[in-house]
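A.B. asks: This one is input07.cif, mmCIF, C-alpha atoms.
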```
data_coords
loop_
_atom_site.label_atom_id
_atom_site.label_comp_id
_atom_site.auth_asym_id
_atom_site.auth_seq_id
_atom_site.Cartn_x
_atom_site.Cartn_y
_atom_site.Cartn_z
CA TRP A 28 9.06 -5.06 -42.72
CA ARG A 29 11.44 -7.57 -41.12
CA PHE A 30 13.64 -5.29 -39.04
CA ALA A 31 12.07 -1.84 -38.72
CA MET A 32 8.67 -1.26 -37.11
CA PRO A 33 6.63 1.45 -38.88
CA ASN A 34 4.23 1.87 -35.93
CA ARG A 35 7.15 3.18 -33.83
CA ARG A 36 7.39 6.32 -35.97
CA THR A 37 4.80 8.41 -34.13
CA ALA A 38 5.93 7.51 -30.62
CA PHE A 39 9.66 7.97 -31.22
CA ASP A 40 9.72 10.61 -33.97
CA VAL A 41 11.41 8.33 -36.50
CA SER A 42 10.98 9.47 -40.08
CA THR A 43 9.86 7.21 -42.92
CA ALA A 44 13.27 7.63 -44.58
CA GLN A 45 15.03 6.49 -41.42
CA LEU A 46 12.79 3.43 -41.19
CA GLN A 47 13.57 2.55 -44.80
CA HIS A 48 17.32 2.91 -44.21
CA ILE A 49 17.15 0.73 -41.11
CA GLU A 50 15.15 -1.91 -42.96
CA LEU A 51 17.54 -1.91 -45.92
CA PHE A 52 20.58 -2.13 -43.63
CA GLY A 53 19.02 -5.15 -41.93
CA LEU A 54 18.07 -6.85 -45.22
CA LEU A 55 21.63 -6.43 -46.46
CA GLY A 56 22.85 -8.26 -43.36
CA GLY A 57 24.29 -5.19 -41.66
CA PHE A 58 23.04 -5.85 -38.13
CA ASP A 59 23.92 -9.54 -38.36
CA ALA A 60 27.41 -8.64 -39.61
CA LEU A 61 27.92 -6.34 -36.62
CA SER A 62 26.95 -9.17 -34.29
CA GLU A 63 29.20 -11.70 -36.01
CA ARG A 64 32.18 -9.35 -35.86
CA LEU A 65 31.66 -8.67 -32.18
CA CYS A 66 31.27 -12.37 -31.38
CA ASP A 67 34.39 -13.45 -33.32
CA MET A 68 36.84 -13.63 -30.40
CA ASN A 69 39.70 -14.69 -32.71
CA ARG A 70 39.82 -11.20 -34.23
CA PRO A 71 40.89 -8.55 -31.69
CA LEU A 72 39.06 -5.25 -31.34
CA LEU A 73 40.04 -2.03 -29.63
CA LEU A 74 37.56 -0.20 -27.44
CA SER A 75 37.06 2.43 -30.13
CA HIS A 76 36.08 -0.39 -32.54
CA LEU A 77 33.59 -1.77 -30.01
CA TYR A 78 32.03 1.66 -29.72
CA LEU A 79 31.68 2.01 -33.50
CA LEU A 80 30.20 -1.47 -33.90
CA VAL A 81 27.61 -1.09 -31.15
CA ARG A 82 26.59 2.46 -32.02
CA PRO A 83 24.49 1.70 -35.17
CA ILE A 84 22.12 -0.74 -33.48
CA ALA A 85 21.87 1.45 -30.37
CA LYS A 86 20.93 4.42 -32.58
CA ALA A 87 18.29 2.32 -34.35
CA ALA A 88 16.91 0.69 -31.18
CA ASP A 89 13.79 2.89 -31.09
CA ALA A 90 12.69 1.69 -34.51
CA LEU A 91 13.85 -1.95 -34.55
CA SER A 92 11.62 -4.95 -34.09
CA PRO A 93 11.62 -5.87 -30.36
CA HIS A 94 12.01 -9.57 -31.23
CA TYR A 95 15.11 -8.97 -33.35
CA LEU A 96 16.59 -6.49 -30.90
CA VAL A 97 16.28 -8.96 -28.01
CA ARG A 98 17.81 -11.73 -30.09
CA TRP A 99 20.72 -9.52 -31.19
CA THR A 100 21.42 -8.24 -27.68
CA ARG A 101 21.15 -11.65 -26.03
CA LYS A 102 23.63 -13.12 -28.50
CA THR A 103 26.15 -10.28 -28.63
CA MET A 104 26.31 -8.73 -25.16
CA PRO A 105 28.34 -11.54 -23.46
CA SER A 106 31.01 -11.23 -26.15
CA ILE A 107 31.28 -7.47 -25.61
CA TYR A 108 31.71 -7.99 -21.87
CA ALA A 109 34.31 -10.70 -22.45
CA ARG A 110 36.27 -8.51 -24.85
CA MET A 111 36.44 -5.61 -22.40
CA GLN A 112 37.51 -7.84 -19.52
CA ALA A 113 40.23 -9.39 -21.72
CA MET A 114 41.80 -6.03 -22.57
CA SER A 115 45.34 -5.57 -21.30
CA ASP A 116 46.25 -2.83 -18.83
CA ALA A 117 48.02 -0.95 -21.61
CA GLN A 118 44.94 -1.14 -23.85
CA VAL A 119 42.68 0.09 -21.06
CA LYS A 120 45.09 2.97 -20.37
CA GLU A 121 45.00 4.03 -24.01
CA CYS A 122 41.17 4.05 -24.12
CA ASP A 123 39.53 7.29 -25.17
CA ASN A 124 37.33 8.15 -22.19
CA THR A 125 34.71 9.66 -24.50
CA LYS A 126 34.46 6.39 -26.45
CA LEU A 127 34.26 4.40 -23.20
CA THR A 128 31.44 6.60 -21.89
CA GLY A 129 29.63 6.30 -25.22
CA LEU A 130 29.98 2.53 -25.28
CA LEU A 131 28.65 2.19 -21.73
CA TYR A 132 25.69 4.41 -22.56
CA ASN A 133 24.84 2.40 -25.68
CA LEU A 134 25.03 -0.92 -23.80
CA LYS A 135 22.75 0.45 -21.11
CA LEU A 136 20.36 1.72 -23.81
CA LEU A 137 20.12 -1.71 -25.43
CA LEU A 138 19.43 -3.42 -22.12
CA ARG A 139 16.76 -0.87 -21.29
CA HIS A 140 14.96 -1.42 -24.59
CA THR A 141 15.12 -5.21 -24.34
CA HIS A 142 14.34 -5.56 -20.61
CA LEU A 143 17.20 -8.07 -20.33
CA ASN A 144 18.72 -6.52 -17.23
CA ALA A 145 16.43 -8.04 -14.61
CA ASP A 146 19.38 -9.81 -12.96
CA PHE A 147 21.55 -6.64 -12.85
CA GLN A 148 23.77 -8.01 -15.60
CA TYR A 149 24.99 -4.57 -16.64
CA GLU A 150 25.64 -3.36 -13.08
CA TRP A 151 27.69 -6.44 -12.19
CA TRP A 152 29.72 -6.06 -15.34
CA GLN A 153 30.27 -2.35 -14.61
CA LEU A 154 31.61 -3.22 -11.15
CA ASP A 155 33.91 -5.89 -12.62
CA PHE A 156 35.33 -3.46 -15.18
CA ALA A 157 35.82 -0.78 -12.50
CA HIS A 158 37.70 -3.37 -10.41
CA LYS A 159 39.81 -4.30 -13.43
CA ARG A 160 40.90 -0.67 -13.76
CA PHE A 161 41.48 -0.38 -10.03
CA LYS A 162 43.85 -3.40 -10.16
CA SER A 163 45.90 -1.79 -12.94
CA PRO A 164 49.56 -0.87 -12.33
CA TYR A 165 48.81 2.64 -13.62
CA ILE A 166 47.80 5.06 -10.85
CA THR A 167 45.46 7.06 -13.10
CA LEU A 168 43.47 3.92 -13.89
CA ARG A 169 43.48 2.86 -10.25
CA ILE A 170 41.99 6.20 -9.23
CA GLN A 171 39.36 6.00 -11.99
CA GLY A 172 38.39 2.47 -10.97
CA LEU A 173 38.17 3.41 -7.28
CA SER A 174 36.04 6.45 -8.12
CA GLU A 175 33.62 4.26 -10.07
CA LEU A 176 33.37 1.77 -7.19
CA CYS A 177 32.62 4.60 -4.76
CA GLU A 178 30.09 6.08 -7.17
CA GLN A 179 28.20 2.78 -7.34
CA ILE A 180 28.17 2.60 -3.55
CA ASN A 181 26.88 6.18 -3.32
CA LYS A 182 24.07 5.54 -5.80
CA SER A 183 22.91 2.40 -4.04
CA GLU A 184 23.01 4.07 -0.62
CA GLN A 185 21.08 7.09 -1.88
CA HIS A 186 18.54 4.83 -3.57
CA VAL A 187 17.90 3.05 -0.27
CA LEU A 188 17.34 6.40 1.45
CA ASN A 189 15.13 7.81 -1.33
CA PRO A 190 14.08 5.34 -4.07
CA SER A 191 12.21 7.96 -6.12
CA ARG A 192 15.01 10.56 -6.08
CA ASN A 193 15.43 12.10 -9.55
CA ALA A 194 13.95 9.05 -11.27
CA PRO A 195 13.32 10.21 -14.86
CA PRO A 196 10.52 8.78 -17.00
CA VAL A 197 11.61 5.99 -19.35
CA ALA A 198 10.37 6.11 -22.94
CA ARG A 199 8.29 3.03 -23.76
CA ARG A 200 7.07 1.65 -27.05
CA PRO A 201 3.40 0.97 -27.72
CA GLY A 202 2.62 -2.48 -26.35
CA ASP A 203 5.79 -2.74 -24.26
CA PRO A 204 5.30 -4.24 -20.77
CA GLU A 205 5.55 -1.93 -17.80
CA PRO A 206 9.20 -1.98 -16.66
CA ALA A 207 9.85 -3.20 -13.13
CA ALA A 208 12.19 -0.28 -12.50
CA THR A 209 13.54 2.71 -14.37
CA LEU A 210 17.07 2.78 -15.71
CA HIS A 211 18.01 5.24 -12.97
CA SER A 212 16.61 3.17 -10.12
CA HIS A 213 17.89 -0.20 -11.35
CA LEU A 214 20.72 -0.35 -8.85
CA LEU A 215 22.46 -3.18 -7.02
CA PRO A 216 21.39 -3.73 -3.40
CA CYS A 217 23.91 -2.49 -0.81
CA GLU A 218 24.31 -5.95 0.72
CA ALA A 219 25.13 -7.42 -2.70
CA ILE A 220 27.84 -4.81 -3.34
CA ALA A 221 29.32 -5.42 0.13
CA LYS A 222 29.49 -9.17 -0.52
CA TRP A 223 31.14 -8.51 -3.88
CA LEU A 224 33.76 -6.23 -2.27
CA VAL A 225 34.60 -8.95 0.25
CA GLU A 226 34.86 -11.65 -2.41
CA ARG A 227 37.21 -9.47 -4.48
CA ASN A 228 39.42 -8.69 -1.45
CA VAL A 229 39.15 -4.99 -2.24
CA LEU A 230 40.33 -3.96 1.24
CA ASP A 231 43.57 -5.89 0.68
CA ASP A 232 44.04 -4.01 -2.60
CA LEU A 233 43.43 -0.71 -0.82
CA TYR A 234 45.60 -1.15 2.27
CA GLY A 235 47.89 -4.03 1.34
CA GLY A 236 51.41 -4.03 -0.07
CA ASN A 237 50.60 -1.82 -3.08
CA LEU A 238 49.78 1.20 -0.90
CA HIS A 239 49.61 4.58 -2.64
CA ILE A 240 48.86 7.92 -1.03
CA GLU A 241 46.35 8.99 -3.71
CA ILE A 242 44.43 5.73 -3.24
CA VAL A 243 44.48 5.95 0.55
CA LYS A 244 43.10 9.50 0.44
CA ARG A 245 40.07 8.34 -1.56
CA ALA A 246 39.50 4.93 0.04
CA HIS A 247 37.83 5.67 3.38
CA GLN A 248 34.30 5.26 2.00
CA ILE A 249 34.74 1.54 1.30
CA PRO A 250 35.66 0.34 4.84
CA ARG A 251 32.89 2.58 6.19
CA PHE A 252 30.39 0.99 3.80
CA LEU A 253 31.51 -2.52 4.76
CA GLY A 254 31.17 -1.59 8.42
CA LEU A 255 27.61 -0.38 7.87
CA GLN A 256 26.76 -3.64 6.11
CA GLY A 257 28.26 -5.74 8.91
CA CYS A 258 30.91 -7.20 6.60
CA LEU A 259 34.08 -6.12 8.45
CA THR A 260 36.15 -8.70 10.31
CA ASN A 261 38.90 -8.35 12.90
CA ASP A 262 41.41 -9.25 10.18
CA ASP A 263 40.14 -6.32 8.10
CA CYS A 264 40.61 -4.00 11.06
CA ASP A 265 44.16 -5.33 11.56
CA ARG A 266 44.95 -4.71 7.89
CA LEU A 267 43.74 -1.14 8.15
CA PHE A 268 45.44 -0.54 11.50
CA ASP A 269 48.79 -1.84 10.24
CA ALA A 270 48.70 0.28 7.09
CA TRP A 271 50.04 3.38 8.90
CA ARG A 272 53.02 1.78 10.61
CA GLY A 273 56.32 3.20 9.43
CA LYS A 274 54.57 5.59 7.04
CA HIS A 275 54.83 9.34 6.62
CA GLU A 276 52.23 11.61 8.16
CA SER A 277 50.58 12.09 4.74
CA PHE A 278 49.74 8.34 4.76
CA ARG A 279 48.80 8.13 8.39
CA THR A 280 46.23 10.93 8.44
CA PRO A 281 43.77 9.37 5.93
CA VAL A 282 44.24 5.92 7.50
CA TYR A 283 43.39 7.33 10.92
CA GLU A 284 40.32 8.99 9.43
CA ALA A 285 39.26 5.69 7.89
CA VAL A 286 39.60 3.98 11.28
CA ALA A 287 37.47 6.71 12.88
CA GLU A 288 34.75 6.23 10.26
CA ILE A 289 34.77 2.46 10.80
CA VAL A 290 34.40 2.89 14.55
CA ASN A 291 31.44 5.18 13.94
CA CYS A 292 29.43 2.38 12.30
CA ALA A 293 31.12 -0.98 13.03
CA GLN A 294 29.91 -3.83 15.20
CA VAL A 295 30.89 -4.00 18.88
CA GLU A 296 33.46 -6.75 18.29
CA GLN A 297 35.38 -4.66 15.75
CA VAL A 298 35.29 -1.53 17.93
CA GLN A 299 36.71 -3.48 20.87
CA HIS A 300 39.35 -5.09 18.65
CA ILE A 301 40.60 -1.75 17.33
CA TRP A 302 40.77 -0.37 20.86
CA LYS A 303 42.78 -3.41 21.92
CA ARG A 304 45.27 -2.66 19.13
CA LEU A 305 45.47 1.00 20.12
CA ARG A 306 46.13 0.14 23.76
CA ALA A 307 48.90 -2.27 22.74
CA THR A 308 50.75 0.46 20.84
CA PRO A 309 54.08 1.24 22.56
CA LEU A 310 54.18 4.64 24.22
CA ALA A 311 57.30 5.52 22.23
CA GLU A 312 55.24 5.45 19.02
CA PHE A 313 52.75 8.05 20.24
CA ASP A 314 52.96 11.51 18.77
CA GLU A 315 50.54 14.37 18.31
CA LEU A 316 48.88 12.76 15.28
CA LEU A 317 48.27 9.44 17.04
CA LEU A 318 46.91 11.24 20.11
CA GLN A 319 44.41 12.99 17.88
CA SER A 320 43.46 9.62 16.42
CA VAL A 321 42.85 8.15 19.87
CA ALA A 322 40.68 11.15 20.74
CA LYS A 323 38.58 10.69 17.57
CA PHE A 324 38.35 6.98 18.23
CA SER A 325 37.06 7.56 21.76
CA LEU A 326 34.47 10.06 20.58
CA HIS A 327 33.14 7.91 17.72
CA ALA A 328 33.21 4.68 19.74
CA ILE A 329 31.21 6.11 22.64
CA VAL A 330 28.64 7.72 20.34
CA ASN A 331 28.37 4.49 18.33
CA MET A 332 27.66 2.53 21.51
CA LEU A 333 25.03 5.01 22.68
CA GLU A 334 23.25 5.17 19.29
CA ARG A 335 23.56 1.63 17.92
CA HIS A 336 24.55 -0.86 20.62
CA THR A 337 22.82 0.04 23.87
CA ASP A 338 22.28 -3.67 24.51
CA ALA A 339 26.06 -4.23 24.68
CA PHE A 340 26.57 -2.50 28.05
CA ASP A 341 24.86 -2.02 31.40
CA ALA A 342 22.68 1.09 31.30
CA ASP A 343 23.48 1.90 34.93
CA GLN A 344 27.24 1.80 34.36
CA GLY A 345 27.18 3.51 30.97
CA PRO A 346 29.13 2.57 27.82
CA PRO A 347 32.83 1.64 27.81
CA LEU A 348 35.00 4.75 27.74
CA PHE A 349 37.35 3.42 25.01
CA GLY A 350 40.36 5.50 25.97
CA LEU A 351 38.67 8.49 27.54
CA GLU A 352 40.06 7.59 30.97
CA TRP A 353 43.39 6.71 29.35
CA LEU A 354 43.65 10.19 27.83
CA TRP A 355 42.89 11.68 31.23
CA GLN A 356 45.61 9.60 32.87
CA LEU A 357 48.01 10.70 30.15
CA VAL A 358 47.32 14.32 31.02
CA GLN A 359 47.98 13.63 34.71
CA ASP A 360 51.16 11.63 34.07
CA ASP A 361 54.51 13.11 35.08
CA SER A 362 56.32 11.59 32.12
CA PRO A 363 58.20 14.11 29.93
CA LEU A 364 55.61 14.68 27.22
CA VAL A 365 55.71 17.58 24.84
CA ALA A 366 53.62 20.47 26.14
CA GLU A 367 51.63 20.71 22.94
CA ALA A 368 50.73 17.01 23.11
CA GLU A 369 49.56 17.47 26.70
CA ARG A 370 47.39 20.41 25.68
CA ARG A 371 45.83 18.49 22.81
CA ALA A 372 45.19 15.43 24.99
CA ALA A 373 43.39 17.64 27.52
CA GLY A 374 41.33 19.23 24.76
CA ALA A 375 40.46 15.85 23.27
CA THR A 376 39.35 14.58 26.69
CA ALA A 377 37.03 17.54 27.15
CA ALA A 378 35.61 17.22 23.61
CA ALA A 379 34.95 13.49 23.97
CA ALA A 380 33.28 13.99 27.36
CA ALA A 381 31.05 16.75 25.98
CA ALA A 382 30.05 14.67 22.97
CA ALA A 383 29.24 11.67 25.15
CA ALA A 384 27.11 13.82 27.41
CA ALA A 385 25.27 15.34 24.44
CA ALA A 386 24.62 11.91 22.90
CA ALA A 387 23.31 10.58 26.21
#
```
Kindly present the structure from the file in structure tokens form.
C.D. replies:
Amino acid sequence: WRFAMPNRRTAFDVSTAQLQHIELFGLLGGFDALSERLCDMNRPLLLSHLYLLVRPIAKAADALSPHYLVRWTRKTMPSIYARMQAMSDAQVKECDNTKLTGLLYNLKLLLRHTHLNADFQYEWWQLDFAHKRFKSPYITLRIQGLSELCEQINKSEQHVLNPSRNAPPVARRPGDPEPAATLHSHLLPCEAIAKWLVERNVLDDLYGGNLHIEIVKRAHQIPRFLGLQGCLTNDDCDRLFDAWRGKHESFRTPVYEAVAEIVNCAQVEQVQHIWKRLRATPLAEFDELLLQSVAKFSLHAIVNMLERHTDAFDADQGPPLFGLEWLWQLVQDDSPLVAEAERRAAGATAAAAAAAAAAA
């Protein structure tokens, strides 16, 4: 037996006939031919072809010799990654999502069996491919890529909170070393993802010139995550703050919500910078929606100071009010404001004061 391993039959329920077929396929050069075809970058392949070429060895992984499987995977995997990254936007758009899901599963299966993923090779590649789709000119692909980025963030955050959550047992072969982590728990650290997002200028892609309402609605998790990881800068806050200017209410609402979430977890410098921008906004630009945003900002900023940054203010004087007194002055002003805006400003003042008192 050069390719199949008969002693795997009992542990993985592989029949003798299956072992013989796997061995014969290997002796005929089948597995080597698959590898050569995948590594030949001069001959293009569609994603459906990649799926079909990877599937046979992934299906046989339980019964293959560990030495051969590691050698095959180590040689072939970089070419598969390179092929997928080199696909055009049109080719990615035409991908069958079922085939893509199947290909990703098979790649993950091979890495699990060979223990070659100690450096998070698969996870980094998955993020890169999600970013490739997010950068596409097609809105459907952009939404898919953004959803995958947010999903990776969610998984890593949940893993930090509860490392053993839903971690399923991983099937191991007789004599295999104990894996350092299960396939489920092998997730990128939050700080590594945050650094990657900064290096890829993802915030600029979200709130820059190519602004789209469907992207903005789904994007608030990323600036919040960067704020939690301490990776937001004043320039990032300016980019987010400027995204609503001159836009319809449908754009402004999710941007305001994103700003509120940032304030809830950002560093003191960024909170103060956003408040400086809000205060510099001309009075003529204020409407009901912006008043609501200021009220949310005040609430989140005061609570953030009380919960996270008590060393940033004098305990006897209390935290900065971040617009709470400004809202109160606006209520008292004799300027001709709309009655509804006055009512909402008064309500926001009361809500922010109550929340600050409860947090204290």
A.B. asks: To test your reading of the syntax: which residues would the PyMOL selection byres ((chain A and resi 111) around 10) return for the file shown? Reply as a list in words.
C.D. replies: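 This file gives the following for the PyMOL selection byres ((chain A and resi 111) around 10): Leu72, Leu73, Leu74, Leu77, Ser106, Ile107, Tyr108, Ala109, Arg110, Gln112, Ala113, Met114, Ser115, Gln118, Val119, Trp152, Phe156 and Lys159 of chain A.
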A.B. asks: Store the residues of this selection in a file with C-alpha atoms, as a short mmCIF file (atom, residue, chain, number, x, y, z; two decimals), in the frame of the given file.
C.D. replies:
```
data_model
loop_
_atom_site.label_atom_id
_atom_site.label_comp_id
_atom_site.auth_asym_id
_atom_site.auth_seq_id
_atom_site.Cartn_x
_atom_site.Cartn_y
_atom_site.Cartn_z
CA LEU A 72 39.06 -5.25 -31.34
CA LEU A 73 40.04 -2.03 -29.63
CA LEU A 74 37.56 -0.20 -27.44
CA LEU A 77 33.59 -1.77 -30.01
CA SER A 106 31.01 -11.23 -26.15
CA ILE A 107 31.28 -7.47 -25.61
CA TYR A 108 31.71 -7.99 -21.87
CA ALA A 109 34.31 -10.70 -22.45
CA ARG A 110 36.27 -8.51 -24.85
CA GLN A 112 37.51 -7.84 -19.52
CA ALA A 113 40.23 -9.39 -21.72
CA MET A 114 41.80 -6.03 -22.57
CA SER A 115 45.34 -5.57 -21.30
CA GLN A 118 44.94 -1.14 -23.85
CA VAL A 119 42.68 0.09 -21.06
CA TRP A 152 29.72 -6.06 -15.34
CA PHE A 156 35.33 -3.46 -15.18
CA LYS A 159 39.81 -4.30 -13.43
#
```
A.B. asks: Taking all atoms listed in the file into account, which of A:Phe161, A:Leu91, A:Trp99, A:Gln47 comes nearest Asp59 of chain A?
C.D. replies: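 Closest candidate: A:Trp99.
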A.B. asks: So which one's closest to Asp116 of chain A, A:Leu168, A:Met104, A:Leu305, A:Leu130? Using all atoms listed in the file, please.
C.D. replies: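 Checking each of A:Leu168, A:Met104, A:Leu305, A:Leu130 against Asp116 of chain A, counting all atoms listed in the file, the winner is A:Leu168.
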A.B. asks: Within 9 Å of segment 234-238 of chain A, counting only C-alpha atoms, which residues show up once you throw out same-chain ones fewer than 3 positions away? Write them as a ChimeraX atom specification, please.
C.D. replies: /A:229-231,241-243,246,266-267,269-270,282
A.B. asks: Please provide the set of residues having any atom within 12 Å of Ala87 of chain A, restricted to all atoms listed in the file, with same-chain residues fewer than 2 positions apart removed, written as a PyMOL selection string.
C.D. replies: chain A and resi 30-32+35-36+39-42+45-50+52-53+58+81-85+89-93+95-96+133+136-137+140
A.B. asks: Quick one: of A:Leu154, A:Leu138, A:Leu351, A:Gly273, who's nearest to Arg227 of chain A, counting all atoms listed in the file?
C.D. replies: A:Leu154
A.B. asks: With distances taken over all atoms listed in the file, which of A:Val290, A:Ala285, A:Phe268, A:Ser75 is nearest to Arg304 of chain A?
C.D. replies: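 Among the listed residues, the smallest separation from Arg304 of chain A belongs to A:Phe268.
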A.B. asks: Name the residues captured by the PyMOL selection byres ((chain A and resi 157) around 10) when it is applied to the shown file; answer as a ChimeraX atom specification.
C.D. replies: /A:151-156,158-162,168-177,179
A.B. asks: Using the file's own x, y and z axes, what box holds all listed atoms of segment 289-301 of chain A with 5 Å on each side, keeping edges along x, y and z, and what are its centre and edge lengths in Å to one decimal, as lines of an AutoDock Vina configuration file?
C.D. replies:
```
center_x = 35.0
center_y = -0.8
center_z = 15.8
size_x = 21.2
size_y = 21.9
size_z = 20.1
```
A.B. asks: Would you write out, as a ChimeraX atom specification, every residue that the PyMOL selection byres ((chain A and resi 216) around 12) captures in this file?
C.D. replies: /A:146-147,150-151,179-188,190,212-215,217-223,256
A.B. asks: What does the structure give for the distance between atom CA of Gln297 of chain A and atom CA of Leu310 of chain A, in Å to one decimal?
C.D. replies: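 It comes out at 22.6 Å.
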A.B. asks: Kindly give the distance, in Å, that separates atom CA of Leu326 of chain A and atom CA of Glu296 of chain A, rounded to a single decimal.
C.D. replies: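 So the answer is 17.0 Å.
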A.B. asks: Quick check, in Å to one decimal: how far apart do atom CA of Lys120 of chain A and atom CA of Tyr165 of chain A lie?
C.D. replies: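 Answer for the atom CA of Lys120 of chain A to atom CA of Tyr165 of chain A separation: 7.7 Å.
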A.B. asks: Smallest atom-to-atom distance to Leu348 of chain A: which of A:Leu333, A:Ala117, A:Leu317, A:Leu255, using only C-alpha atoms?
C.D. replies: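 Of A:Leu333, A:Ala117, A:Leu317, A:Leu255, the one nearest Leu348 of chain A, counting only C-alpha atoms, is A:Leu333.
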A.B. asks: I'd like the contact shell of Ala287 of chain A - 10 Å cut-off, only C-alpha atoms, skipping same-chain residues fewer than 6 positions apart - returned as a PyMOL selection string.
C.D. replies: chain A and resi 247+251+281+293+298+320-328
A.B. asks: Kindly indicate which residue among A:Tyr78, A:Glu276, A:Ala60, A:Asn69 lies nearest to Asp314 of chain A, using only C-alpha atoms for the distances.
C.D. replies: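 Ranking A:Tyr78, A:Glu276, A:Ala60, A:Asn69 by distance to Asp314 of chain A, first place goes to A:Glu276.
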A.B. asks: How would segment 73-84 of chain A read, as a tab-separated table (two decimals), keeping the file's coordinate frame, once N, CA, C and O atoms are built in?
C.D. replies:
```
chain	number	residue	atom	x	y	z
A	73	LEU	N	39.78	-3.06	-30.63
A	73	LEU	CA	40.04	-2.03	-29.63
A	73	LEU	C	38.72	-1.48	-29.11
A	73	LEU	O	37.66	-1.69	-29.70
A	74	LEU	N	38.79	-0.74	-28.01
A	74	LEU	CA	37.56	-0.20	-27.44
A	74	LEU	C	36.88	0.76	-28.42
A	74	LEU	O	35.65	0.79	-28.49
A	75	SER	N	37.66	1.52	-29.15
A	75	SER	CA	37.06	2.43	-30.13
A	75	SER	C	36.29	1.66	-31.21
A	75	SER	O	35.26	2.12	-31.69
A	76	HIS	N	36.79	0.45	-31.57
A	76	HIS	CA	36.08	-0.39	-32.54
A	76	HIS	C	34.77	-0.91	-31.94
A	76	HIS	O	33.74	-0.96	-32.64
A	77	LEU	N	34.81	-1.31	-30.67
A	77	LEU	CA	33.59	-1.77	-30.01
A	77	LEU	C	32.53	-0.67	-30.03
A	77	LEU	O	31.35	-0.93	-30.32
A	78	TYR	N	32.96	0.53	-29.73
A	78	TYR	CA	32.03	1.66	-29.72
A	78	TYR	C	31.39	1.85	-31.10
A	78	TYR	O	30.16	2.01	-31.22
A	79	LEU	N	32.19	1.80	-32.15
A	79	LEU	CA	31.68	2.01	-33.50
A	79	LEU	C	30.76	0.88	-33.96
A	79	LEU	O	29.80	1.11	-34.70
A	80	LEU	N	31.03	-0.34	-33.50
A	80	LEU	CA	30.20	-1.47	-33.90
A	80	LEU	C	28.87	-1.53	-33.16
A	80	LEU	O	27.87	-2.01	-33.70
A	81	VAL	N	28.85	-1.06	-31.94
A	81	VAL	CA	27.61	-1.09	-31.15
A	81	VAL	C	26.73	0.11	-31.48
A	81	VAL	O	25.50	0.02	-31.41
A	82	ARG	N	27.33	1.21	-31.84
A	82	ARG	CA	26.59	2.46	-32.02
A	82	ARG	C	25.44	2.37	-33.03
A	82	ARG	O	24.34	2.88	-32.77
A	83	PRO	N	25.61	1.73	-34.21
A	83	PRO	CA	24.49	1.70	-35.17
A	83	PRO	C	23.22	1.06	-34.63
A	83	PRO	O	22.13	1.59	-34.83
A	84	ILE	N	23.35	-0.08	-33.96
A	84	ILE	CA	22.12	-0.74	-33.48
A	84	ILE	C	21.53	0.01	-32.28
A	84	ILE	O	20.32	0.05	-32.10
```
